[in-house]
$ cat model31.cif   # mmCIF, C-alpha atoms and all ligand atoms; chains and numbers go by the auth columns
data_input
#
loop_
_atom_site.group_PDB
_atom_site.id
_atom_site.type_symbol
_atom_site.label_atom_id
_atom_site.label_comp_id
_atom_site.label_asym_id
_atom_site.label_seq_id
_atom_site.Cartn_x
_atom_site.Cartn_y
_atom_site.Cartn_z
_atom_site.B_iso_or_equiv
_atom_site.auth_seq_id
_atom_site.auth_asym_id
ATOM 1 C CA MET A 1 -131.277 107.922 -6.725 0.00 1 A
ATOM 2 C CA PRO A 2 -134.534 105.867 -6.635 0.00 2 A
ATOM 3 C CA ALA A 3 -137.574 107.597 -5.179 0.00 3 A
ATOM 4 C CA PRO A 4 -138.094 106.813 -1.488 0.00 4 A
ATOM 5 C CA ARG A 5 -140.998 104.777 -0.222 0.00 5 A
ATOM 6 C CA ILE A 6 -143.451 106.993 1.638 0.00 6 A
ATOM 7 C CA LYS A 7 -145.345 106.458 4.896 0.00 7 A
ATOM 8 C CA ILE A 8 -148.069 108.828 6.029 0.00 8 A
ATOM 9 C CA CYS A 9 -148.615 108.226 9.736 0.00 9 A
ATOM 10 C CA GLY A 10 -151.497 109.054 12.055 0.00 10 A
ATOM 11 C CA VAL A 11 -154.235 108.295 9.540 0.00 11 A
ATOM 12 C CA ASN A 12 -157.448 108.558 11.560 0.00 12 A
ATOM 13 C CA SER A 13 -160.295 109.178 9.121 0.00 13 A
ATOM 14 C CA ALA A 14 -161.628 107.753 5.867 0.00 14 A
ATOM 15 C CA GLN A 15 -160.881 111.070 4.141 0.00 15 A
ATOM 16 C CA ALA A 16 -157.262 110.994 5.241 0.00 16 A
ATOM 17 C CA LEU A 17 -156.888 107.387 4.162 0.00 17 A
ATOM 18 C CA ASP A 18 -158.393 108.125 0.745 0.00 18 A
ATOM 19 C CA ALA A 19 -155.926 111.006 0.327 0.00 19 A
ATOM 20 C CA VAL A 20 -153.023 108.689 1.179 0.00 20 A
ATOM 21 C CA ILE A 21 -154.235 106.142 -1.378 0.00 21 A
ATOM 22 C CA ALA A 22 -154.801 108.831 -4.033 0.00 22 A
ATOM 23 C CA ALA A 23 -151.260 110.137 -3.490 0.00 23 A
ATOM 24 C CA ARG A 24 -149.940 106.558 -3.899 0.00 24 A
ATOM 25 C CA ALA A 25 -148.012 106.494 -0.632 0.00 25 A
ATOM 26 C CA GLU A 26 -146.744 102.968 0.061 0.00 26 A
ATOM 27 C CA TYR A 27 -147.668 102.911 3.768 0.00 27 A
ATOM 28 C CA CYS A 28 -150.334 104.338 6.051 0.00 28 A
ATOM 29 C CA GLY A 29 -149.730 104.480 9.800 0.00 29 A
ATOM 30 C CA PHE A 30 -152.387 103.749 12.435 0.00 30 A
ATOM 31 C CA VAL A 31 -151.489 104.987 15.937 0.00 31 A
ATOM 32 C CA PHE A 32 -152.336 102.812 18.948 0.00 32 A
ATOM 33 C CA PHE A 33 -151.115 105.085 21.735 0.00 33 A
ATOM 34 C CA GLU A 34 -153.748 106.758 23.873 0.00 34 A
ATOM 35 C CA ARG A 35 -151.772 109.937 24.564 0.00 35 A
ATOM 36 C CA SER A 36 -151.548 110.716 20.845 0.00 36 A
ATOM 37 C CA PRO A 37 -154.089 113.029 19.162 0.00 37 A
ATOM 38 C CA ARG A 38 -154.052 110.417 16.364 0.00 38 A
ATOM 39 C CA HIS A 39 -154.967 107.443 18.556 0.00 39 A
ATOM 40 C CA LEU A 40 -157.464 104.987 17.070 0.00 40 A
ATOM 41 C CA THR A 41 -160.022 102.876 18.914 0.00 41 A
ATOM 42 C CA LEU A 42 -160.203 99.254 17.808 0.00 42 A
ATOM 43 C CA ALA A 43 -163.533 99.945 16.078 0.00 43 A
ATOM 44 C CA GLU A 44 -162.036 102.852 14.116 0.00 44 A
ATOM 45 C CA ALA A 45 -158.990 100.749 13.274 0.00 45 A
ATOM 46 C CA GLN A 46 -161.178 97.956 11.983 0.00 46 A
ATOM 47 C CA GLY A 47 -162.973 100.271 9.548 0.00 47 A
ATOM 48 C CA LEU A 48 -159.789 101.913 8.311 0.00 48 A
ATOM 49 C CA GLY A 49 -157.934 98.615 8.053 0.00 49 A
ATOM 50 C CA ALA A 50 -160.647 97.196 5.807 0.00 50 A
ATOM 51 C CA ARG A 51 -160.740 100.362 3.682 0.00 51 A
ATOM 52 C CA ALA A 52 -156.961 100.240 3.193 0.00 52 A
ATOM 53 C CA ALA A 53 -156.875 96.569 2.166 0.00 53 A
ATOM 54 C CA GLY A 54 -155.349 96.050 -1.260 0.00 54 A
ATOM 55 C CA HIS A 55 -154.504 99.754 -1.653 0.00 55 A
ATOM 56 C CA VAL A 56 -151.812 100.634 0.869 0.00 56 A
ATOM 57 C CA THR A 57 -149.707 98.733 3.412 0.00 57 A
ATOM 58 C CA ARG A 58 -150.964 99.155 7.007 0.00 58 A
ATOM 59 C CA VAL A 59 -148.413 99.975 9.702 0.00 59 A
ATOM 60 C CA GLY A 60 -149.491 99.881 13.361 0.00 60 A
ATOM 61 C CA LEU A 61 -147.592 102.240 15.678 0.00 61 A
ATOM 62 C CA PHE A 62 -147.138 101.253 19.348 0.00 62 A
ATOM 63 C CA VAL A 63 -145.263 102.769 22.300 0.00 63 A
ATOM 64 C CA ASP A 64 -144.048 100.218 24.864 0.00 64 A
ATOM 65 C CA ALA A 65 -147.280 98.292 24.349 0.00 65 A
ATOM 66 C CA ASP A 66 -148.023 94.921 25.926 0.00 66 A
ATOM 67 C CA ASP A 67 -148.695 91.749 23.935 0.00 67 A
ATOM 68 C CA ALA A 68 -152.479 91.964 24.230 0.00 68 A
ATOM 69 C CA THR A 69 -152.624 95.554 22.948 0.00 69 A
ATOM 70 C CA ILE A 70 -150.583 94.608 19.891 0.00 70 A
ATOM 71 C CA ALA A 71 -152.532 91.393 19.250 0.00 71 A
ATOM 72 C CA ASP A 72 -155.899 93.176 19.496 0.00 72 A
ATOM 73 C CA ALA A 73 -154.800 95.904 17.068 0.00 73 A
ATOM 74 C CA VAL A 74 -153.349 93.406 14.578 0.00 74 A
ATOM 75 C CA ALA A 75 -156.598 91.445 14.644 0.00 75 A
ATOM 76 C CA ALA A 76 -158.837 94.524 14.342 0.00 76 A
ATOM 77 C CA SER A 77 -157.064 96.303 11.504 0.00 77 A
ATOM 78 C CA ALA A 78 -155.225 93.444 9.748 0.00 78 A
ATOM 79 C CA LEU A 79 -151.891 95.195 10.165 0.00 79 A
ATOM 80 C CA ASP A 80 -149.088 94.335 7.746 0.00 80 A
ATOM 81 C CA VAL A 81 -146.201 95.902 9.687 0.00 81 A
ATOM 82 C CA ILE A 82 -145.540 96.791 13.341 0.00 82 A
ATOM 83 C CA GLN A 83 -143.737 100.029 14.269 0.00 83 A
ATOM 84 C CA LEU A 84 -142.359 100.199 17.820 0.00 84 A
ATOM 85 C CA HIS A 85 -141.815 103.815 18.876 0.00 85 A
ATOM 86 C CA GLY A 86 -140.978 103.539 22.572 0.00 86 A
ATOM 87 C CA GLU A 87 -138.045 102.206 24.550 0.00 87 A
ATOM 88 C CA GLU A 88 -138.371 98.624 23.326 0.00 88 A
ATOM 89 C CA SER A 89 -135.123 96.620 23.521 0.00 89 A
ATOM 90 C CA PRO A 90 -133.769 94.512 20.622 0.00 90 A
ATOM 91 C CA GLU A 91 -135.044 91.459 22.558 0.00 91 A
ATOM 92 C CA ARG A 92 -138.549 92.936 22.750 0.00 92 A
ATOM 93 C CA VAL A 93 -138.425 93.723 19.016 0.00 93 A
ATOM 94 C CA ALA A 94 -137.534 90.091 18.270 0.00 94 A
ATOM 95 C CA GLN A 95 -140.294 88.887 20.592 0.00 95 A
ATOM 96 C CA VAL A 96 -142.958 91.023 18.858 0.00 96 A
ATOM 97 C CA LYS A 97 -141.737 89.814 15.478 0.00 97 A
ATOM 98 C CA ALA A 98 -141.954 86.156 16.548 0.00 98 A
ATOM 99 C CA GLN A 99 -145.326 86.612 18.188 0.00 99 A
ATOM 100 C CA THR A 100 -147.057 88.476 15.357 0.00 100 A
ATOM 101 C CA GLY A 101 -145.184 86.970 12.401 0.00 101 A
ATOM 102 C CA LEU A 102 -145.025 90.506 10.952 0.00 102 A
ATOM 103 C CA PRO A 103 -142.110 92.722 9.953 0.00 103 A
ATOM 104 C CA VAL A 104 -141.152 95.065 12.796 0.00 104 A
ATOM 105 C CA TRP A 105 -139.761 98.580 12.418 0.00 105 A
ATOM 106 C CA LYS A 106 -137.964 100.165 15.363 0.00 106 A
ATOM 107 C CA ALA A 107 -137.959 103.929 15.768 0.00 107 A
ATOM 108 C CA VAL A 108 -134.780 105.275 17.344 0.00 108 A
ATOM 109 C CA PRO A 109 -134.538 108.838 18.754 0.00 109 A
ATOM 110 C CA ILE A 110 -131.547 110.781 17.440 0.00 110 A
ATOM 111 C CA ALA A 111 -129.822 113.857 18.856 0.00 111 A
ATOM 112 C CA SER A 112 -126.143 112.906 18.512 0.00 112 A
ATOM 113 C CA ALA A 113 -123.701 110.678 16.637 0.00 113 A
ATOM 114 C CA ALA A 114 -123.704 108.348 19.658 0.00 114 A
ATOM 115 C CA ASP A 115 -127.462 107.841 19.213 0.00 115 A
ATOM 116 C CA VAL A 116 -126.855 106.727 15.623 0.00 116 A
ATOM 117 C CA GLU A 117 -124.208 104.274 16.887 0.00 117 A
ATOM 118 C CA ARG A 118 -126.637 102.909 19.483 0.00 118 A
ATOM 119 C CA ALA A 119 -129.194 102.233 16.756 0.00 119 A
ATOM 120 C CA ALA A 120 -126.891 99.515 15.392 0.00 120 A
ATOM 121 C CA ARG A 121 -127.994 97.217 18.212 0.00 121 A
ATOM 122 C CA TYR A 122 -131.313 96.831 16.375 0.00 122 A
ATOM 123 C CA ALA A 123 -129.672 95.587 13.155 0.00 123 A
ATOM 124 C CA GLY A 124 -130.780 91.979 12.781 0.00 124 A
ATOM 125 C CA ALA A 125 -133.668 92.261 15.255 0.00 125 A
ATOM 126 C CA ALA A 126 -135.674 94.917 13.424 0.00 126 A
ATOM 127 C CA ASP A 127 -136.613 94.743 9.760 0.00 127 A
ATOM 128 C CA LEU A 128 -136.096 98.490 9.491 0.00 128 A
ATOM 129 C CA VAL A 129 -134.574 101.157 11.732 0.00 129 A
ATOM 130 C CA LEU A 130 -136.542 104.419 11.627 0.00 130 A
ATOM 131 C CA PHE A 131 -134.481 107.444 12.652 0.00 131 A
ATOM 132 C CA ASP A 132 -136.600 110.086 14.374 0.00 132 A
ATOM 133 C CA ALA A 133 -135.821 113.223 16.382 0.00 133 A
ATOM 134 C CA LYS A 134 -135.386 112.896 20.136 0.00 134 A
ATOM 135 C CA THR A 135 -138.300 114.703 21.792 0.00 135 A
ATOM 136 C CA PRO A 136 -138.275 116.541 25.161 0.00 136 A
ATOM 137 C CA LYS A 137 -138.916 114.452 28.296 0.00 137 A
ATOM 138 C CA GLY A 138 -142.588 114.282 29.222 0.00 138 A
ATOM 139 C CA THR A 139 -143.817 114.880 25.653 0.00 139 A
ATOM 140 C CA LEU A 140 -144.864 112.385 22.973 0.00 140 A
ATOM 141 C CA PRO A 141 -141.963 110.224 21.695 0.00 141 A
ATOM 142 C CA GLY A 142 -142.879 111.216 18.119 0.00 142 A
ATOM 143 C CA GLY A 143 -145.428 113.049 16.030 0.00 143 A
ATOM 144 C CA MET A 144 -144.143 116.398 17.316 0.00 144 A
ATOM 145 C CA GLY A 145 -142.825 117.866 14.053 0.00 145 A
ATOM 146 C CA LEU A 146 -139.261 117.961 15.374 0.00 146 A
ATOM 147 C CA SER A 147 -136.328 117.188 13.096 0.00 147 A
ATOM 148 C CA PHE A 148 -132.690 116.366 13.849 0.00 148 A
ATOM 149 C CA ASP A 149 -129.358 117.051 12.168 0.00 149 A
ATOM 150 C CA TRP A 150 -129.591 114.779 9.127 0.00 150 A
ATOM 151 C CA SER A 151 -125.818 114.856 8.596 0.00 151 A
ATOM 152 C CA LEU A 152 -125.530 112.542 11.636 0.00 152 A
ATOM 153 C CA LEU A 153 -126.829 109.738 9.423 0.00 153 A
ATOM 154 C CA ALA A 154 -123.567 109.719 7.479 0.00 154 A
ATOM 155 C CA GLY A 155 -122.331 107.505 10.343 0.00 155 A
ATOM 156 C CA TRP A 156 -124.977 104.864 9.672 0.00 156 A
ATOM 157 C CA LYS A 157 -123.516 103.562 6.399 0.00 157 A
ATOM 158 C CA ASN A 158 -126.546 101.398 5.580 0.00 158 A
ATOM 159 C CA ARG A 159 -125.865 98.920 8.397 0.00 159 A
ATOM 160 C CA ALA A 160 -129.502 97.826 8.187 0.00 160 A
ATOM 161 C CA PRO A 161 -132.569 98.875 6.178 0.00 161 A
ATOM 162 C CA TRP A 162 -133.634 102.288 7.420 0.00 162 A
ATOM 163 C CA GLY A 163 -135.988 105.207 7.072 0.00 163 A
ATOM 164 C CA LEU A 164 -136.130 108.876 8.018 0.00 164 A
ATOM 165 C CA ALA A 165 -138.785 110.541 10.185 0.00 165 A
ATOM 166 C CA GLY A 166 -139.089 113.658 12.302 0.00 166 A
ATOM 167 C CA GLY A 167 -140.352 117.028 11.177 0.00 167 A
ATOM 168 C CA LEU A 168 -140.649 116.105 7.507 0.00 168 A
ATOM 169 C CA SER A 169 -143.056 118.228 5.473 0.00 169 A
ATOM 170 C CA PRO A 170 -143.779 119.125 1.848 0.00 170 A
ATOM 171 C CA ALA A 171 -141.309 122.004 2.274 0.00 171 A
ATOM 172 C CA ASN A 172 -138.267 120.007 3.382 0.00 172 A
ATOM 173 C CA VAL A 173 -138.701 116.378 2.298 0.00 173 A
ATOM 174 C CA ALA A 174 -136.972 116.793 -1.081 0.00 174 A
ATOM 175 C CA GLU A 175 -133.920 118.297 0.621 0.00 175 A
ATOM 176 C CA ALA A 176 -133.970 115.547 3.265 0.00 176 A
ATOM 177 C CA VAL A 177 -133.940 112.862 0.578 0.00 177 A
ATOM 178 C CA ARG A 178 -131.225 114.647 -1.393 0.00 178 A
ATOM 179 C CA LEU A 179 -128.960 115.004 1.644 0.00 179 A
ATOM 180 C CA THR A 180 -129.492 111.598 3.247 0.00 180 A
ATOM 181 C CA GLY A 181 -130.519 109.285 0.398 0.00 181 A
ATOM 182 C CA ALA A 182 -133.270 107.963 2.675 0.00 182 A
ATOM 183 C CA PRO A 183 -134.938 104.896 1.130 0.00 183 A
ATOM 184 C CA LEU A 184 -138.117 105.582 3.126 0.00 184 A
ATOM 185 C CA VAL A 185 -139.610 108.799 4.512 0.00 185 A
ATOM 186 C CA ASP A 186 -142.294 109.028 7.199 0.00 186 A
ATOM 187 C CA THR A 187 -144.372 112.010 8.240 0.00 187 A
ATOM 188 C CA SER A 188 -147.279 112.752 10.514 0.00 188 A
ATOM 189 C CA SER A 189 -147.650 116.331 11.751 0.00 189 A
ATOM 190 C CA GLY A 190 -146.066 117.759 8.576 0.00 190 A
ATOM 191 C CA VAL A 191 -149.191 116.861 6.590 0.00 191 A
ATOM 192 C CA GLU A 192 -151.754 118.173 9.082 0.00 192 A
ATOM 193 C CA SER A 193 -153.719 121.425 9.428 0.00 193 A
ATOM 194 C CA ALA A 194 -153.922 120.916 13.237 0.00 194 A
ATOM 195 C CA PRO A 195 -152.715 118.145 15.569 0.00 195 A
ATOM 196 C CA GLY A 196 -154.536 114.984 14.519 0.00 196 A
ATOM 197 C CA VAL A 197 -156.217 116.564 11.462 0.00 197 A
ATOM 198 C CA LYS A 198 -154.731 115.317 8.190 0.00 198 A
ATOM 199 C CA ASP A 199 -154.769 117.648 5.172 0.00 199 A
ATOM 200 C CA ALA A 200 -155.306 116.009 1.756 0.00 200 A
ATOM 201 C CA GLU A 201 -153.468 118.761 -0.154 0.00 201 A
ATOM 202 C CA LYS A 202 -150.434 118.492 2.128 0.00 202 A
ATOM 203 C CA ILE A 203 -150.405 114.702 1.743 0.00 203 A
ATOM 204 C CA ALA A 204 -150.389 115.049 -2.060 0.00 204 A
ATOM 205 C CA ALA A 205 -147.714 117.762 -1.929 0.00 205 A
ATOM 206 C CA PHE A 206 -145.533 115.677 0.401 0.00 206 A
ATOM 207 C CA CYS A 207 -145.664 112.632 -1.863 0.00 207 A
ATOM 208 C CA ALA A 208 -144.907 114.690 -4.982 0.00 208 A
ATOM 209 C CA ALA A 209 -141.988 116.464 -3.294 0.00 209 A
ATOM 210 C CA ALA A 210 -140.530 113.205 -1.928 0.00 210 A
ATOM 211 C CA ARG A 211 -140.604 111.696 -5.420 0.00 211 A
ATOM 212 C CA GLY A 212 -139.352 114.870 -7.072 0.00 212 A
ATOM 213 C CA THR A 213 -142.364 115.013 -9.391 0.00 213 A
HETATM 214 O O1 LIG B . -147.939 110.475 15.451 0.00 301 B
HETATM 215 C C1 LIG B . -148.005 110.344 16.690 0.00 301 B
HETATM 216 O O2 LIG B . -148.919 110.832 17.340 0.00 301 B
HETATM 217 C C2 LIG B . -146.936 109.581 17.401 0.00 301 B
HETATM 218 C C3 LIG B . -147.108 109.324 18.745 0.00 301 B
HETATM 219 C C4 LIG B . -146.152 108.606 19.442 0.00 301 B
HETATM 220 C C5 LIG B . -145.007 108.156 18.808 0.00 301 B
HETATM 221 C C6 LIG B . -144.819 108.426 17.457 0.00 301 B
HETATM 222 C C7 LIG B . -145.768 109.139 16.744 0.00 301 B
HETATM 223 N N1 LIG B . -145.591 109.433 15.392 0.00 301 B
HETATM 224 C C8 LIG B . -144.420 109.136 14.641 0.00 301 B
HETATM 225 O O3 LIG B . -143.401 110.072 14.923 0.00 301 B
HETATM 226 C C9 LIG B . -142.584 110.274 13.786 0.00 301 B
HETATM 227 C C10 LIG B . -142.375 111.731 13.504 0.00 301 B
HETATM 228 O O4 LIG B . -143.574 112.428 13.437 0.00 301 B
HETATM 229 P P1 LIG B . -143.635 113.912 12.823 0.00 301 B
HETATM 230 O O5 LIG B . -143.618 113.759 11.335 0.00 301 B
HETATM 231 O O6 LIG B . -142.453 114.656 13.319 0.00 301 B
HETATM 232 O O7 LIG B . -144.915 114.479 13.288 0.00 301 B
HETATM 233 C C11 LIG B . -143.261 109.516 12.666 0.00 301 B
HETATM 234 O O8 LIG B . -142.595 108.266 12.544 0.00 301 B
HETATM 235 C C12 LIG B . -144.628 109.216 13.141 0.00 301 B
HETATM 236 O O9 LIG B . -144.967 107.985 12.626 0.00 301 B
#
$ encode --input "model31.cif" --output "structure tokens"
Amino acid sequence: MPAPRIKICGVNSAQALDAVIAARAEYCGFVFFERSPRHLTLAEAQGLGARAAGHVTRVGLFVDADDATIADAVAASALDVIQLHGEESPERVAQVKAQTGLPVWKAVPIASAADVERAARYAGAADLVLFDAKTPKGTLPGGMGLSFDWSLLAGWKNRAPWGLAGGLSPANVAEAVRLTGAPLVDTSSGVESAPGVKDAEKIAAFCAAARGT
């Protein structure tokens, strides 16, 4: 099984970004969602986007954001990929893709086999479907360290490019990859020492464990 591509999300400092680059993760995630402890201002995003250039692919994370919010973030941090992590419809995904000209990933919350079935409506519209755990109402739609029953993904049968998120950490990512064959893994809180505080050692350990090295 080839090693999965790795995304470290919620990168919000130069130190965290340097740790992601040193660990050779393929993607870094910048969060543009004010309720998140990992939220970036446009000025912060500009600095981090420039620092990442040529080293790691920049993914901008949005939750039901309007066009202007996405356009401003793309311009500030030179994003390479858009991740939509709210209740965006397949039509909205296609619209964002057309408007930005960038690949769009759609996160889909999973708690049941029916949720996996519903994710199929994004095949064709999204460049990648990112399976994440469903979070309790009134909380953040991601970044909570919650995982779901990975065996549910047996029903997906590679209907579109996909990735696995939700509660992944250095301790469980190897098992997650072994059980699901995920071609991409994404983590945020699993490589932090406190909400919004990335830990360089955990980032390195996560990448090594995901690759089985
Ligand atoms: O990281 C956040 O703060 C966040 C906020 C709102 C939506 C998604 C968010 N993060 C994404 O959630 C998943 C799972 O995170 P975790 O590893 O369980 O902490 C991941 O895709 C993050 O990119």
$ resolve_selection --input "model31.cif" --expression "the PyMOL selection byres (((chain A and resi 129) around 6) and not hetatm)" --output "list in words"
Trp105, Lys106, Ala107, Leu128, Leu130 and Trp162 of chain A
$ write_last_selection --input "model31.cif" --atoms "C-alpha atoms" --output "tab-separated table (two decimals), in the frame of the given file"
chain	number	residue	atom	x	y	z
A	105	TRP	CA	-139.76	98.58	12.42
A	106	LYS	CA	-137.96	100.16	15.36
A	107	ALA	CA	-137.96	103.93	15.77
A	128	LEU	CA	-136.10	98.49	9.49
A	130	LEU	CA	-136.54	104.42	11.63
A	162	TRP	CA	-133.63	102.29	7.42
$ residues_near_ligand --input "model31.cif" --ligand "ligand LIG 301 (chain B)" --cutoff "8 Å" --atoms "all atoms listed in the file" --output "PyMOL selection string"
chain A and resi 7-10+29+31+33+35-39+61-63+85-86+107+130+132-133+140-147+164-169+186-191+196
$ atom_distance --input "model31.cif" --atom1 "atom CA of Glu44 of chain A" --atom2 "atom CA of Asn12 of chain A"
7.8 Å
$ resolve_selection --input "model31.cif" --expression "the PyMOL selection byres (((chain A and resi 120) around 9) and not hetatm)" --output "number ranges by chain"
A: 116-119, 121-124, 129, 156, 159-160
$ closest_residue --input "model31.cif" --among "A:Glu201, A:Glu175, A:Asp72, A:Asp64" --to "Ala22 of chain A" --atoms "all atoms listed in the file"
A:Glu201
$ resolve_selection --input "model31.cif" --expression "the PyMOL selection byres (((chain A and resi 94) around 10) and not hetatm)" --output "ChimeraX atom specification"
/A:88-93,95-99,103-104,122,124-127
$ write_last_selection --input "model31.cif" --atoms "C-alpha atoms" --output "compact mmCIF listing (two decimals), in the frame of the given file"
# COMPACT_ATOMS: atom_id res chain seq x y z
CA GLU A 88 -138.37 98.62 23.33
CA SER A 89 -135.12 96.62 23.52
CA PRO A 90 -133.77 94.51 20.62
CA GLU A 91 -135.04 91.46 22.56
CA ARG A 92 -138.55 92.94 22.75
CA VAL A 93 -138.43 93.72 19.02
CA GLN A 95 -140.29 88.89 20.59
CA VAL A 96 -142.96 91.02 18.86
CA LYS A 97 -141.74 89.81 15.48
CA ALA A 98 -141.95 86.16 16.55
CA GLN A 99 -145.33 86.61 18.19
CA PRO A 103 -142.11 92.72 9.95
CA VAL A 104 -141.15 95.06 12.80
CA TYR A 122 -131.31 96.83 16.38
CA GLY A 124 -130.78 91.98 12.78
CA ALA A 125 -133.67 92.26 15.26
CA ALA A 126 -135.67 94.92 13.42
CA ASP A 127 -136.61 94.74 9.76
$ closest_residue --input "model31.cif" --among "A:Thr100, A:Thr213, A:Thr41, A:Ser193" --to "Ala68 of chain A" --atoms "all atoms listed in the file"
A:Thr100
$ closest_residue --input "model31.cif" --among "A:Trp150, A:Phe32, A:Tyr27, A:Phe131" --to "Arg5 of chain A" --atoms "all atoms listed in the file"
A:Tyr27
$ atom_distance --input "model31.cif" --atom1 "atom CA of Ala23 of chain A" --atom2 "atom CA of Leu84 of chain A"
25.1 Å
$ atom_distance --input "model31.cif" --atom1 "atom CA of Ala205 of chain A" --atom2 "atom CA of Pro170 of chain A"
5.6 Å
$ axis_aligned_box --input "model31.cif" --around "segment 135-153 of chain A" --padding-each-side "6 Å" --output "lines of an AutoDock Vina configuration file"
center_x = -135.5
center_y = 113.8
center_z = 18.9
size_x = 31.9
size_y = 20.2
size_z = 32.6
$ closest_residue --input "model31.cif" --among "A:Leu153, A:Ala45, A:Val20, A:Ile6" --to "Val173 of chain A" --atoms "all atoms listed in the file"
A:Ile6
$ closest_residue --input "model31.cif" --among "A:Met1, A:Ala111, A:Val74, A:Ala25" --to "Ala208 of chain A" --atoms "all atoms listed in the file"
A:Ala25
$ closest_residue --input "model31.cif" --among "A:Arg24, A:Gln46, A:Gly54, A:Gly163" --to "Gln83 of chain A" --atoms "only C-alpha atoms"
A:Gly163
